[in-house]
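Engineer: Input file: target.tsv. Contents: TSV, C-alpha atoms.
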```tsv
chain	number	residue	atom	x	y	z
A	445	MET	CA	19.71	-12.99	-0.30
A	446	LEU	CA	20.21	-9.42	0.88
A	447	ILE	CA	21.72	-8.42	-2.46
A	448	ALA	CA	18.74	-9.92	-4.29
A	449	LEU	CA	16.30	-8.04	-2.06
A	450	VAL	CA	18.14	-4.73	-2.58
A	451	ILE	CA	18.10	-5.22	-6.36
A	452	THR	CA	14.37	-5.98	-6.21
A	453	ALA	CA	13.76	-2.85	-4.14
A	454	ILE	CA	15.69	-0.68	-6.60
A	455	GLY	CA	13.63	-2.10	-9.45
A	456	GLY	CA	10.38	-1.43	-7.64
A	457	SER	CA	11.45	2.11	-6.78
A	458	LEU	CA	11.92	2.81	-10.49
A	459	ILE	CA	8.75	1.09	-11.69
A	460	LYS	CA	5.99	2.40	-9.44
A	461	PRO	CA	6.67	6.15	-9.68
A	462	SER	CA	6.85	5.76	-13.46
A	463	ILE	CA	3.42	4.14	-13.51
A	464	VAL	CA	1.72	6.72	-11.31
A	465	GLY	CA	3.55	9.46	-13.20
A	466	THR	CA	2.07	8.08	-16.42
A	467	VAL	CA	-1.39	8.22	-14.86
A	468	ALA	CA	-0.78	11.81	-13.75
A	469	ARG	CA	0.27	12.82	-17.28
A	470	THR	CA	-2.57	11.07	-19.12
A	471	THR	CA	-5.52	12.16	-16.95
A	472	THR	CA	-7.36	15.42	-16.39
A	473	GLU	CA	-8.61	16.94	-13.16
A	474	GLU	CA	-11.98	15.29	-13.82
A	475	THR	CA	-10.56	11.82	-14.56
A	476	LYS	CA	-7.56	11.76	-12.21
A	477	ALA	CA	-9.33	9.95	-9.34
A	478	LEU	CA	-10.71	7.35	-11.75
A	479	GLY	CA	-7.26	6.92	-13.31
A	480	TYR	CA	-5.64	6.14	-9.98
A	481	SER	CA	-8.52	3.80	-9.14
A	482	ILE	CA	-7.90	1.82	-12.34
A	483	TYR	CA	-4.18	1.74	-11.56
A	484	TYR	CA	-4.82	0.48	-8.04
A	485	THR	CA	-7.26	-2.15	-9.30
A	486	LEU	CA	-4.75	-3.50	-11.82
A	487	VAL	CA	-1.96	-3.56	-9.24
A	488	ASN	CA	-4.07	-5.80	-7.06
A	489	ILE	CA	-4.61	-8.35	-9.80
A	490	GLY	CA	-1.07	-9.45	-9.02
A	491	GLY	CA	-1.90	-9.57	-5.33
A	492	ALA	CA	-4.97	-11.69	-6.08
A	493	VAL	CA	-3.41	-14.16	-8.51
A	494	GLY	CA	0.17	-14.35	-7.21
A	495	PRO	CA	-0.55	-16.14	-3.90
A	496	PHE	CA	-2.52	-18.86	-5.71
A	497	ILE	CA	0.45	-19.45	-8.01
A	498	ALA	CA	2.76	-19.42	-5.00
A	499	LEU	CA	0.54	-21.96	-3.21
A	500	ALA	CA	0.58	-24.33	-6.19
A	501	VAL	CA	4.36	-24.04	-6.56
A	502	ARG	CA	4.96	-24.44	-2.81
A	503	GLU	CA	2.82	-27.56	-2.53
A	504	ASN	CA	3.94	-29.27	-5.74
A	505	VAL	CA	7.55	-28.21	-6.30
A	506	GLY	CA	8.90	-26.52	-3.16
A	507	ILE	CA	8.82	-23.14	-1.52
A	508	SER	CA	12.22	-22.05	-2.89
A	509	TYR	CA	10.87	-22.33	-6.44
A	510	VAL	CA	8.33	-19.62	-5.67
A	511	LEU	CA	11.22	-17.20	-6.11
A	512	VAL	CA	12.13	-18.74	-9.46
A	513	VAL	CA	8.57	-18.37	-10.73
A	514	SER	CA	8.53	-14.76	-9.51
A	515	SER	CA	11.70	-14.05	-11.45
A	516	LEU	CA	10.31	-15.62	-14.64
A	517	THR	CA	7.10	-13.61	-14.22
A	518	SER	CA	9.12	-10.39	-14.01
A	519	LEU	CA	10.94	-11.37	-17.21
A	520	VAL	CA	7.62	-11.86	-19.02
A	521	LEU	CA	6.37	-8.48	-17.79
A	522	LEU	CA	9.60	-6.79	-18.87
A	523	THR	CA	9.18	-8.24	-22.35
A	524	CYS	CA	5.55	-7.11	-22.57
A	525	THR	CA	6.47	-3.60	-21.42
A	526	ALA	CA	9.25	-3.32	-24.00
A	527	LEU	CA	6.88	-4.45	-26.76
A	528	PHE	CA	3.67	-2.60	-25.92
A	529	TYR	CA	4.33	0.43	-23.68
A	530	ARG	CA	4.45	3.82	-25.35
A	531	GLU	CA	5.68	6.91	-23.56
A	532	PRO	CA	2.87	9.52	-23.30
A	533	GLU	CA	3.53	12.68	-25.25
A	534	ARG	CA	4.84	15.57	-23.23
A	535	PRO	CA	2.40	18.49	-23.02
A	536	ALA	CA	3.33	21.43	-25.22
A	537	ASP	CA	3.77	23.67	-22.19
A	538	ALA	CA	5.81	21.10	-20.23
A	539	PRO	CA	9.23	22.28	-18.99
A	540	PRO	CA	12.32	20.62	-20.50
A	541	ALA	CA	13.51	17.32	-19.09
A	542	ARG	CA	15.61	17.73	-15.98
A	543	SER	CA	19.08	16.41	-15.35
A	544	MET	CA	19.79	13.90	-12.61
A	545	ALA	CA	21.49	16.66	-10.62
A	546	LYS	CA	18.28	18.70	-10.78
A	547	VAL	CA	16.22	15.66	-9.69
A	548	LEU	CA	18.49	15.14	-6.68
A	549	ALA	CA	18.26	18.83	-5.83
A	550	ASP	CA	14.46	18.58	-5.99
A	551	MET	CA	14.60	15.64	-3.58
A	552	VAL	CA	16.45	17.79	-1.08
A	553	LEU	CA	13.79	20.49	-1.46
A	554	VAL	CA	11.01	17.96	-0.87
A	555	PHE	CA	12.69	16.77	2.32
A	556	GLY	CA	12.61	20.39	3.43
A	557	ASN	CA	8.83	20.51	2.99
A	558	PHE	CA	7.99	19.76	6.61
A	559	ARG	CA	4.22	19.50	6.22
A	560	PHE	CA	4.48	17.12	3.28
A	561	ILE	CA	7.01	14.86	5.01
A	562	LEU	CA	4.91	14.90	8.20
A	563	PHE	CA	1.88	13.86	6.13
A	564	LEU	CA	3.86	10.93	4.69
A	565	VAL	CA	5.03	9.85	8.16
A	566	ILE	CA	1.45	9.90	9.48
A	567	PHE	CA	0.27	7.97	6.44
A	568	SER	CA	2.91	5.33	7.20
A	569	GLY	CA	0.59	4.11	9.96
A	570	PHE	CA	-1.67	2.61	7.33
A	571	TRP	CA	1.17	0.58	5.83
A	572	ALA	CA	2.35	-0.43	9.29
A	573	MET	CA	-1.05	-2.13	9.62
A	574	PHE	CA	-1.06	-3.46	6.06
A	575	TRP	CA	2.22	-5.36	6.17
A	576	HIS	CA	1.01	-7.46	9.09
A	577	VAL	CA	-1.17	-9.21	6.50
A	578	PHE	CA	2.00	-10.73	5.07
A	579	TYR	CA	4.32	-10.77	8.09
A	580	ALA	CA	2.07	-11.94	10.94
A	581	LEU	CA	-1.22	-13.19	9.52
A	582	PRO	CA	0.26	-16.33	7.87
A	583	PHE	CA	1.60	-17.56	11.23
A	584	TYR	CA	-1.70	-16.75	12.95
A	585	VAL	CA	-3.75	-18.54	10.29
A	586	LYS	CA	-1.46	-21.56	10.10
A	587	ASP	CA	-0.57	-22.08	13.76
A	588	TYR	CA	-3.60	-20.72	15.65
A	589	LEU	CA	-6.51	-21.14	13.23
A	590	LYS	CA	-4.95	-24.37	11.85
A	591	PHE	CA	-5.51	-23.43	8.20
A	592	GLY	CA	-2.44	-24.49	6.23
A	593	ARG	CA	-3.16	-22.68	2.98
A	594	PHE	CA	-2.54	-19.23	4.39
A	595	GLU	CA	-1.90	-17.81	0.91
A	596	ILE	CA	-5.62	-17.98	0.19
A	597	ILE	CA	-6.43	-15.67	3.12
A	598	GLU	CA	-3.82	-13.22	1.86
A	599	THR	CA	-5.68	-12.88	-1.47
A	600	VAL	CA	-8.93	-11.69	0.17
A	601	ASP	CA	-7.68	-8.10	0.43
A	602	ALA	CA	-6.65	-7.97	-3.24
A	603	TRP	CA	-9.80	-9.63	-4.60
A	604	THR	CA	-12.00	-7.28	-2.61
A	605	ILE	CA	-10.09	-4.25	-3.86
A	606	ILE	CA	-10.48	-5.39	-7.47
A	607	PHE	CA	-14.25	-5.39	-7.09
A	608	VAL	CA	-14.77	-2.33	-4.89
A	609	THR	CA	-12.04	0.22	-5.74
A	610	ILE	CA	-13.75	1.96	-8.66
A	611	PRO	CA	-17.23	2.18	-7.04
A	612	ALA	CA	-15.66	3.12	-3.70
A	613	THR	CA	-13.70	5.91	-5.39
A	614	ALA	CA	-16.88	7.16	-7.08
A	615	ILE	CA	-18.47	7.45	-3.64
A	616	ALA	CA	-15.37	8.89	-1.99
A	617	LYS	CA	-15.03	11.46	-4.80
A	618	ARG	CA	-17.69	13.45	-2.97
A	619	LEU	CA	-15.28	13.84	-0.06
A	620	LYS	CA	-12.11	15.88	0.17
A	621	PRO	CA	-9.03	13.68	-0.38
A	622	LEU	CA	-8.00	13.95	3.28
A	623	SER	CA	-11.54	13.19	4.46
A	624	ALA	CA	-11.56	10.09	2.24
A	625	MET	CA	-8.22	9.06	3.71
A	626	VAL	CA	-9.51	9.46	7.27
A	627	LEU	CA	-12.57	7.33	6.43
A	628	GLY	CA	-10.35	4.69	4.84
A	629	PHE	CA	-8.05	4.69	7.87
A	630	ALA	CA	-11.01	4.21	10.21
A	631	LEU	CA	-12.38	1.23	8.26
A	632	ALA	CA	-8.96	-0.39	7.94
A	633	THR	CA	-8.41	0.07	11.67
A	634	GLY	CA	-11.71	-1.62	12.47
A	635	CYS	CA	-10.51	-4.71	10.60
A	636	TRP	CA	-8.08	-5.67	13.34
A	637	PHE	CA	-10.66	-5.39	16.10
A	638	VAL	CA	-12.93	-7.69	14.08
A	639	MET	CA	-10.01	-10.10	13.76
A	640	ALA	CA	-9.46	-10.04	17.53
A	641	GLY	CA	-13.16	-10.38	18.35
A	642	VAL	CA	-13.96	-13.19	15.88
A	643	PRO	CA	-10.95	-15.59	15.98
A	644	THR	CA	-12.09	-17.87	13.14
A	645	ILE	CA	-11.33	-18.24	9.44
A	646	ALA	CA	-14.65	-16.55	8.64
A	647	GLY	CA	-13.71	-13.71	10.97
A	648	ALA	CA	-10.32	-13.35	9.29
A	649	VAL	CA	-11.91	-13.24	5.84
A	650	ALA	CA	-14.49	-10.64	6.94
A	651	ALA	CA	-11.76	-8.56	8.57
A	652	MET	CA	-9.64	-8.62	5.41
A	653	MET	CA	-12.63	-7.54	3.34
A	654	LEU	CA	-13.23	-4.61	5.69
A	655	PHE	CA	-9.57	-3.63	5.47
A	656	ALA	CA	-9.78	-3.75	1.67
A	657	VAL	CA	-12.79	-1.42	1.60
A	658	GLY	CA	-10.84	1.10	3.70
A	659	GLU	CA	-7.81	0.70	1.45
A	660	ALA	CA	-9.93	1.12	-1.69
A	661	ILE	CA	-11.44	4.36	-0.37
A	662	GLN	CA	-8.24	6.06	0.68
A	663	SER	CA	-5.40	4.83	-1.57
A	664	PRO	CA	-6.44	6.32	-4.94
A	665	ARG	CA	-7.25	9.63	-3.23
A	666	PHE	CA	-3.82	9.52	-1.58
A	667	TYR	CA	-2.05	9.46	-4.96
A	668	GLU	CA	-4.39	12.14	-6.28
A	669	TYR	CA	-3.63	14.28	-3.22
A	670	VAL	CA	0.14	13.97	-3.66
A	671	ALA	CA	-0.11	14.73	-7.39
A	672	ASN	CA	-2.14	17.87	-6.63
A	673	LEU	CA	0.42	19.04	-4.08
A	674	ALA	CA	3.32	18.71	-6.52
A	675	PRO	CA	4.48	21.62	-8.68
A	676	PRO	CA	4.02	20.65	-12.37
A	677	GLU	CA	7.75	20.18	-12.93
A	678	GLN	CA	8.14	18.00	-9.82
A	679	VAL	CA	5.25	15.54	-10.14
A	680	GLY	CA	7.60	12.59	-10.69
A	681	THR	CA	9.69	13.48	-7.64
A	682	TYR	CA	6.64	13.87	-5.43
A	683	MET	CA	5.13	10.62	-6.69
A	684	GLY	CA	8.39	8.90	-5.83
A	685	PHE	CA	8.10	10.22	-2.28
A	686	ALA	CA	4.53	8.90	-2.21
A	687	PHE	CA	6.03	5.44	-1.72
A	688	LEU	CA	8.06	6.48	1.33
A	689	PRO	CA	5.21	5.47	3.70
A	690	ILE	CA	5.38	1.93	2.31
A	691	ALA	CA	9.04	1.73	3.32
A	692	ILE	CA	8.47	3.22	6.77
A	693	GLY	CA	5.48	0.94	7.31
A	694	THR	CA	7.37	-2.20	6.40
A	695	PHE	CA	10.15	-1.37	8.88
A	696	ILE	CA	7.59	-0.90	11.65
A	697	ALA	CA	5.61	-4.01	10.72
A	698	GLY	CA	8.73	-6.12	10.33
A	699	TRP	CA	9.75	-5.49	13.93
A	700	SER	CA	6.20	-5.54	15.26
A	701	SER	CA	5.17	-8.76	13.51
A	702	GLY	CA	8.17	-10.64	14.82
A	703	PHE	CA	7.44	-9.50	18.35
A	704	LEU	CA	3.71	-10.28	18.14
A	705	VAL	CA	4.17	-13.72	16.59
A	706	LYS	CA	6.77	-14.66	19.18
A	707	THR	CA	4.67	-13.32	22.06
A	708	TYR	CA	1.17	-14.43	21.05
A	709	VAL	CA	1.39	-17.25	18.50
A	710	GLU	CA	4.41	-19.39	19.29
A	711	GLY	CA	3.81	-22.14	21.82
A	712	GLY	CA	0.07	-22.40	21.19
A	713	ASN	CA	-0.85	-19.31	23.20
A	714	PRO	CA	-4.68	-19.23	23.54
A	715	LEU	CA	-4.55	-15.43	23.73
A	716	ALA	CA	-3.23	-15.13	20.16
A	717	PRO	CA	-6.18	-12.99	18.90
A	718	ARG	CA	-5.12	-10.23	21.27
A	719	MET	CA	-2.14	-9.51	19.03
A	720	TRP	CA	-4.48	-7.76	16.60
A	721	LEU	CA	-5.45	-5.21	19.23
A	722	TRP	CA	-1.88	-3.91	19.05
A	723	VAL	CA	-2.07	-3.65	15.26
A	724	GLY	CA	-5.40	-1.85	15.56
A	725	SER	CA	-3.83	0.65	17.93
A	726	TYR	CA	-1.52	1.78	15.10
A	727	GLY	CA	-4.61	2.63	13.11
A	728	VAL	CA	-6.27	4.48	15.97
A	729	VAL	CA	-3.21	6.68	16.45
A	730	SER	CA	-2.77	7.27	12.72
A	731	THR	CA	-6.44	8.14	12.22
A	732	VAL	CA	-6.36	10.69	15.04
A	733	LEU	CA	-3.14	12.22	13.70
A	734	MET	CA	-4.60	12.42	10.19
A	735	VAL	CA	-7.67	14.25	11.54
A	736	LEU	CA	-5.42	16.71	13.38
A	737	TYR	CA	-3.26	17.18	10.28
A	738	ASP	CA	-6.34	17.89	8.17
A	739	ARG	CA	-7.61	20.35	10.74
A	740	PHE	CA	-4.44	22.33	11.44
A	741	LEU	CA	-1.64	21.67	8.94
A	742	ALA	CA	-2.97	20.51	5.57
A	743	PRO	CA	-2.14	22.85	2.67
A	744	ARG	CA	-5.38	24.34	1.40
A	745	ARG	CA	-4.22	23.93	-2.20
A	746	ALA	CA	-4.94	20.16	-2.19
```
Represent the structure from my file as structure tokens, please.
Structural biologist:
Amino acid sequence: MLIALVITAIGGSLIKPSIVGTVARTTTEETKALGYSIYYTLVNIGGAVGPFIALAVRENVGISYVLVVSSLTSLVLLTCTALFYREPERPADAPPARSMAKVLADMVLVFGNFRFILFLVIFSGFWAMFWHVFYALPFYVKDYLKFGRFEIIETVDAWTIIFVTIPATAIAKRLKPLSAMVLGFALATGCWFVMAGVPTIAGAVAAMMLFAVGEAIQSPRFYEYVANLAPPEQVGTYMGFAFLPIAIGTFIAGWSSGFLVKTYVEGGNPLAPRMWLWVGSYGVVSTVLMVLYDRFLAPRRA
């Protein structure tokens, strides 16, 4: 199982930076925000459709076959990519392709960029909140709210993003990227306090929709911000580092979700909604730190 997960992680680490790098290469300064919005919308189609497929497979065949269907889906996508994807032309003024040794050397340089790495660590707070949707929310929905089809609740975030990302980005375009991120953080943080205050299925759905609006406002601007920070010859390296907060967030949420589920959900604890106050506190801290970063440390270039 661990080997399979590591292989999956390696695959994902190669795929996502390539996609956002393609967006960076094929958009202009005027269309970059829209380009990342379209990318983020399309990514969430999988998040919206996948859980419904998983639910059907789990109920009719068995939960282990969800993994088999996921593998077959990846094979189909690989085939489609091989048949239809075309590498964007390199700009005439683009530097020559770099060797792997140069890429690794650039990674070391990026790690030495204290302000950029600090920004990524602060941004990890958003993903620390996000992964509770998959690590803790299913247990809360199934065991406390007594709604067995927890996969449906997990799709609310993705469906909302599909419908609101592009218009939300158009509105957020009037803000600086960091200001848009702070606004998105604040809305996503409020989600968990709604979840704690309205412990019903309707409350959970409303909370997930609020989280999605915050995510839709800040995520495309995040990728735009990172792309603008990167030197032209290091865009791919920087975009790869843009996924570091996802990794940090999942480590935090993995530990936190296990603790919260064991403490607040197991055994029919009537105080289960209070677990979301802890998740919301991650957002409060991250939002405050992002405001301070914007005020005192953010590079003026971006």
Engineer: Residues around (-1.5, -11.4, 20.3), cut-off 8 Å, counting all atoms listed in the file - what are they as a count of residues only?
Structural biologist: 13
Engineer: My list of candidates is A:Met544, A:Val735, A:Val510, A:Ile690. Which is closest to Gly628 (chain A) when distances are computed with only C-alpha atoms?
Structural biologist: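 Smallest distance to Gly628 (chain A) is found for A:Val735.
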Engineer: Give me, as an NGL selection string, all polymer residues having an atom no more than 9 Å from Gly569 (chain A), counting only C-alpha atoms and skipping those fewer than 5 positions away in the same chain.
Structural biologist: :A and (574 or 629 or 689 or 692-693 or 696 or 726-727 or 729-731)
Engineer: Between A:Leu741, A:Ala448, A:Ala468, A:Ala477, which is the closest to Glu677 (chain A) once you count all atoms listed in the file?
Structural biologist: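 Between A:Leu741, A:Ala448, A:Ala468, A:Ala477, the residue approaching Glu677 (chain A) most closely is A:Ala468.
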Engineer: Neighbouring residues of Thr681 (chain A) were defined as those with any atom within 10 Å, considering all atoms listed in the file; residues of the same chain fewer than 2 positions away were excluded. Please report them as a list of chain:residue names.
Structural biologist: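 With the cut-off at 10 Å, the set is A:Pro461, A:Gly465, A:Val547, A:Leu548, A:Asp550, A:Met551, A:Val554, A:Ala671, A:Ala674, A:Pro675, A:Glu677, A:Gln678, A:Val679, A:Met683, A:Gly684, A:Phe685, A:Ala686.
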Engineer: I'd like to know which of A:Val467, A:Val520, A:Ile615, A:Val732 is closest to Ile482 (chain A), using all atoms listed in the file.
Structural biologist: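 With all atoms listed in the file as the atom set, the closest residue is A:Val467.
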Engineer: Any idea what the distance is between CA of Ser514 (chain A) and CA of Ser663 (chain A)?
Structural biologist: 25.3 Å
Engineer: Just the residues within 7 Å of Ala656 (chain A), please, counting only C-alpha atoms, with nothing from its chain fewer than 5 positions along; format it as a PyMOL selection string.
Structural biologist: chain A and resi 601+604-605
Engineer: With all atoms listed in the file as the atoms that count, which of A:Leu688, A:Ser701, A:Thr694, A:Ile610 lies nearest to Leu562 (chain A)?
Structural biologist: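 Of A:Leu688, A:Ser701, A:Thr694, A:Ile610, the one nearest Leu562 (chain A), counting all atoms listed in the file, is A:Leu688.
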Engineer: What is the distance between CA of Ser623 (chain A) and CA of Pro664 (chain A), in Å to one decimal?
Structural biologist: 12.7 Å
Engineer: If we draw a sphere of 9 Å around (-15.7, -9.3, 13.2), which residues have at least one atom in it when counting only C-alpha atoms? Please report them as number ranges by chain.
Structural biologist: A: 634-643, 646-648, 650-651
Engineer: How many Å separate CA of Pro540 (chain A) from CA of Glu473 (chain A)?
Structural biologist: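 About the pair CA of Pro540 (chain A) and CA of Glu473 (chain A): they are 22.5 Å apart.
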Engineer: So, counting only C-alpha atoms, which residue among A:Phe695, A:Phe607, A:Phe655, A:Phe594 is closest to Leu499 (chain A)?
Structural biologist: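 That would be A:Phe594, the residue with the smallest distance to Leu499 (chain A).
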Engineer: Identify which of the residues A:Ile561, A:Glu503, A:Thr470, A:Leu516 lies closest to Glu533 (chain A), counting only C-alpha atoms when measuring atom-to-atom distances.
Structural biologist: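 Distance minimum relative to Glu533 (chain A) lands on A:Thr470.
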Engineer: Which residues are near Ala697 (chain A)? Cut-off 8 Å, all atoms listed in the file, ignore same chain within fewer than 6 positions. Put them as a list in words.
Structural biologist: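 Residues near the query, excluding close chain neighbours: Ala572, Met573, Trp575, His576 and Tyr579 of chain A.
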Engineer: I need region 464-496 of chain A written out with N, CA and C atoms, as an mmCIF file, in the first residue's frame; please produce it.
Structural biologist:
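After the write, decode.cif holds the following:
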```cif
data_model
loop_
_atom_site.group_PDB
_atom_site.id
_atom_site.type_symbol
_atom_site.label_atom_id
_atom_site.label_comp_id
_atom_site.auth_asym_id
_atom_site.auth_seq_id
_atom_site.Cartn_x
_atom_site.Cartn_y
_atom_site.Cartn_z
ATOM 1 N N VAL A 464 0.352 23.550 -14.759
ATOM 2 C CA VAL A 464 0.390 24.981 -14.461
ATOM 3 C C VAL A 464 1.507 25.667 -15.234
ATOM 4 N N GLY A 465 2.591 24.942 -15.531
ATOM 5 C CA GLY A 465 3.633 25.504 -16.371
ATOM 6 C C GLY A 465 3.133 25.759 -17.786
ATOM 7 N N THR A 466 2.281 24.860 -18.285
ATOM 8 C CA THR A 466 1.672 25.056 -19.601
ATOM 9 C C THR A 466 0.797 26.307 -19.604
ATOM 10 N N VAL A 467 0.023 26.490 -18.532
ATOM 11 C CA VAL A 467 -0.808 27.690 -18.423
ATOM 12 C C VAL A 467 0.075 28.940 -18.411
ATOM 13 N N ALA A 468 1.166 28.890 -17.654
ATOM 14 C CA ALA A 468 2.058 30.046 -17.568
ATOM 15 C C ALA A 468 2.638 30.393 -18.939
ATOM 16 N N ARG A 469 2.963 29.372 -19.741
ATOM 17 C CA ARG A 469 3.579 29.610 -21.039
ATOM 18 C C ARG A 469 2.578 30.111 -22.071
ATOM 19 N N THR A 470 1.326 29.706 -21.956
ATOM 20 C CA THR A 470 0.351 29.995 -23.012
ATOM 21 C C THR A 470 -0.569 31.166 -22.682
ATOM 22 N N THR A 471 -0.300 31.889 -21.611
ATOM 23 C CA THR A 471 -1.123 33.050 -21.268
ATOM 24 C C THR A 471 -0.265 34.305 -21.222
ATOM 25 N N THR A 472 -0.939 35.447 -21.282
ATOM 26 C CA THR A 472 -0.272 36.738 -21.174
ATOM 27 C C THR A 472 -0.547 37.318 -19.792
ATOM 28 N N GLU A 473 0.035 38.469 -19.516
ATOM 29 C CA GLU A 473 -0.216 39.118 -18.237
ATOM 30 C C GLU A 473 -1.695 39.419 -18.061
ATOM 31 N N GLU A 474 -2.386 39.750 -19.181
ATOM 32 C CA GLU A 474 -3.802 40.088 -19.103
ATOM 33 C C GLU A 474 -4.684 38.856 -18.912
ATOM 34 N N THR A 475 -4.253 37.712 -19.431
ATOM 35 C CA THR A 475 -5.097 36.509 -19.390
ATOM 36 C C THR A 475 -4.633 35.472 -18.372
ATOM 37 N N LYS A 476 -3.545 35.767 -17.653
ATOM 38 C CA LYS A 476 -2.980 34.766 -16.745
ATOM 39 C C LYS A 476 -3.962 34.362 -15.645
ATOM 40 N N ALA A 477 -4.618 35.342 -15.015
ATOM 41 C CA ALA A 477 -5.566 35.017 -13.937
ATOM 42 C C ALA A 477 -6.710 34.164 -14.463
ATOM 43 N N LEU A 478 -7.221 34.509 -15.649
ATOM 44 C CA LEU A 478 -8.295 33.722 -16.251
ATOM 45 C C LEU A 478 -7.806 32.313 -16.580
ATOM 46 N N GLY A 479 -6.575 32.203 -17.065
ATOM 47 C CA GLY A 479 -6.028 30.891 -17.395
ATOM 48 C C GLY A 479 -5.962 29.967 -16.195
ATOM 49 N N TYR A 480 -5.497 30.494 -15.065
ATOM 50 C CA TYR A 480 -5.433 29.668 -13.861
ATOM 51 C C TYR A 480 -6.832 29.380 -13.315
ATOM 52 N N SER A 481 -7.769 30.271 -13.546
ATOM 53 C CA SER A 481 -9.149 30.011 -13.134
ATOM 54 C C SER A 481 -9.740 28.841 -13.918
ATOM 55 N N ILE A 482 -9.490 28.833 -15.232
ATOM 56 C CA ILE A 482 -9.981 27.723 -16.065
ATOM 57 C C ILE A 482 -9.327 26.418 -15.633
ATOM 58 N N TYR A 483 -8.014 26.464 -15.391
ATOM 59 C CA TYR A 483 -7.315 25.271 -14.905
ATOM 60 C C TYR A 483 -7.945 24.758 -13.612
ATOM 61 N N TYR A 484 -8.194 25.672 -12.675
ATOM 62 C CA TYR A 484 -8.712 25.257 -11.377
ATOM 63 C C TYR A 484 -10.137 24.721 -11.496
ATOM 64 N N THR A 485 -10.909 25.294 -12.427
ATOM 65 C CA THR A 485 -12.262 24.797 -12.656
ATOM 66 C C THR A 485 -12.227 23.374 -13.189
ATOM 67 N N LEU A 486 -11.358 23.130 -14.164
ATOM 68 C CA LEU A 486 -11.289 21.801 -14.776
ATOM 69 C C LEU A 486 -10.776 20.750 -13.779
ATOM 70 N N VAL A 487 -9.821 21.151 -12.939
ATOM 71 C CA VAL A 487 -9.324 20.226 -11.919
ATOM 72 C C VAL A 487 -10.461 19.734 -11.023
ATOM 73 N N ASN A 488 -11.373 20.641 -10.713
ATOM 74 C CA ASN A 488 -12.439 20.298 -9.788
ATOM 75 C C ASN A 488 -13.563 19.489 -10.420
ATOM 76 N N ILE A 489 -13.559 19.353 -11.740
ATOM 77 C CA ILE A 489 -14.515 18.434 -12.351
ATOM 78 C C ILE A 489 -14.271 17.026 -11.835
ATOM 79 N N GLY A 490 -13.005 16.664 -11.699
ATOM 80 C CA GLY A 490 -12.681 15.363 -11.117
ATOM 81 C C GLY A 490 -13.162 15.247 -9.688
ATOM 82 N N GLY A 491 -12.982 16.334 -8.913
ATOM 83 C CA GLY A 491 -13.446 16.325 -7.528
ATOM 84 C C GLY A 491 -14.954 16.269 -7.408
ATOM 85 N N ALA A 492 -15.658 16.744 -8.446
ATOM 86 C CA ALA A 492 -17.118 16.731 -8.414
ATOM 87 C C ALA A 492 -17.696 15.397 -8.870
ATOM 88 N N VAL A 493 -17.075 14.802 -9.875
ATOM 89 C CA VAL A 493 -17.605 13.560 -10.456
ATOM 90 C C VAL A 493 -17.059 12.321 -9.746
ATOM 91 N N GLY A 494 -15.783 12.373 -9.357
ATOM 92 C CA GLY A 494 -15.134 11.198 -8.771
ATOM 93 C C GLY A 494 -15.853 10.590 -7.574
ATOM 94 N N PRO A 495 -16.252 11.401 -6.581
ATOM 95 C CA PRO A 495 -16.938 10.815 -5.422
ATOM 96 C C PRO A 495 -18.248 10.110 -5.768
ATOM 97 N N PHE A 496 -18.973 10.595 -6.779
ATOM 98 C CA PHE A 496 -20.197 9.910 -7.190
ATOM 99 C C PHE A 496 -19.876 8.536 -7.783
#
```
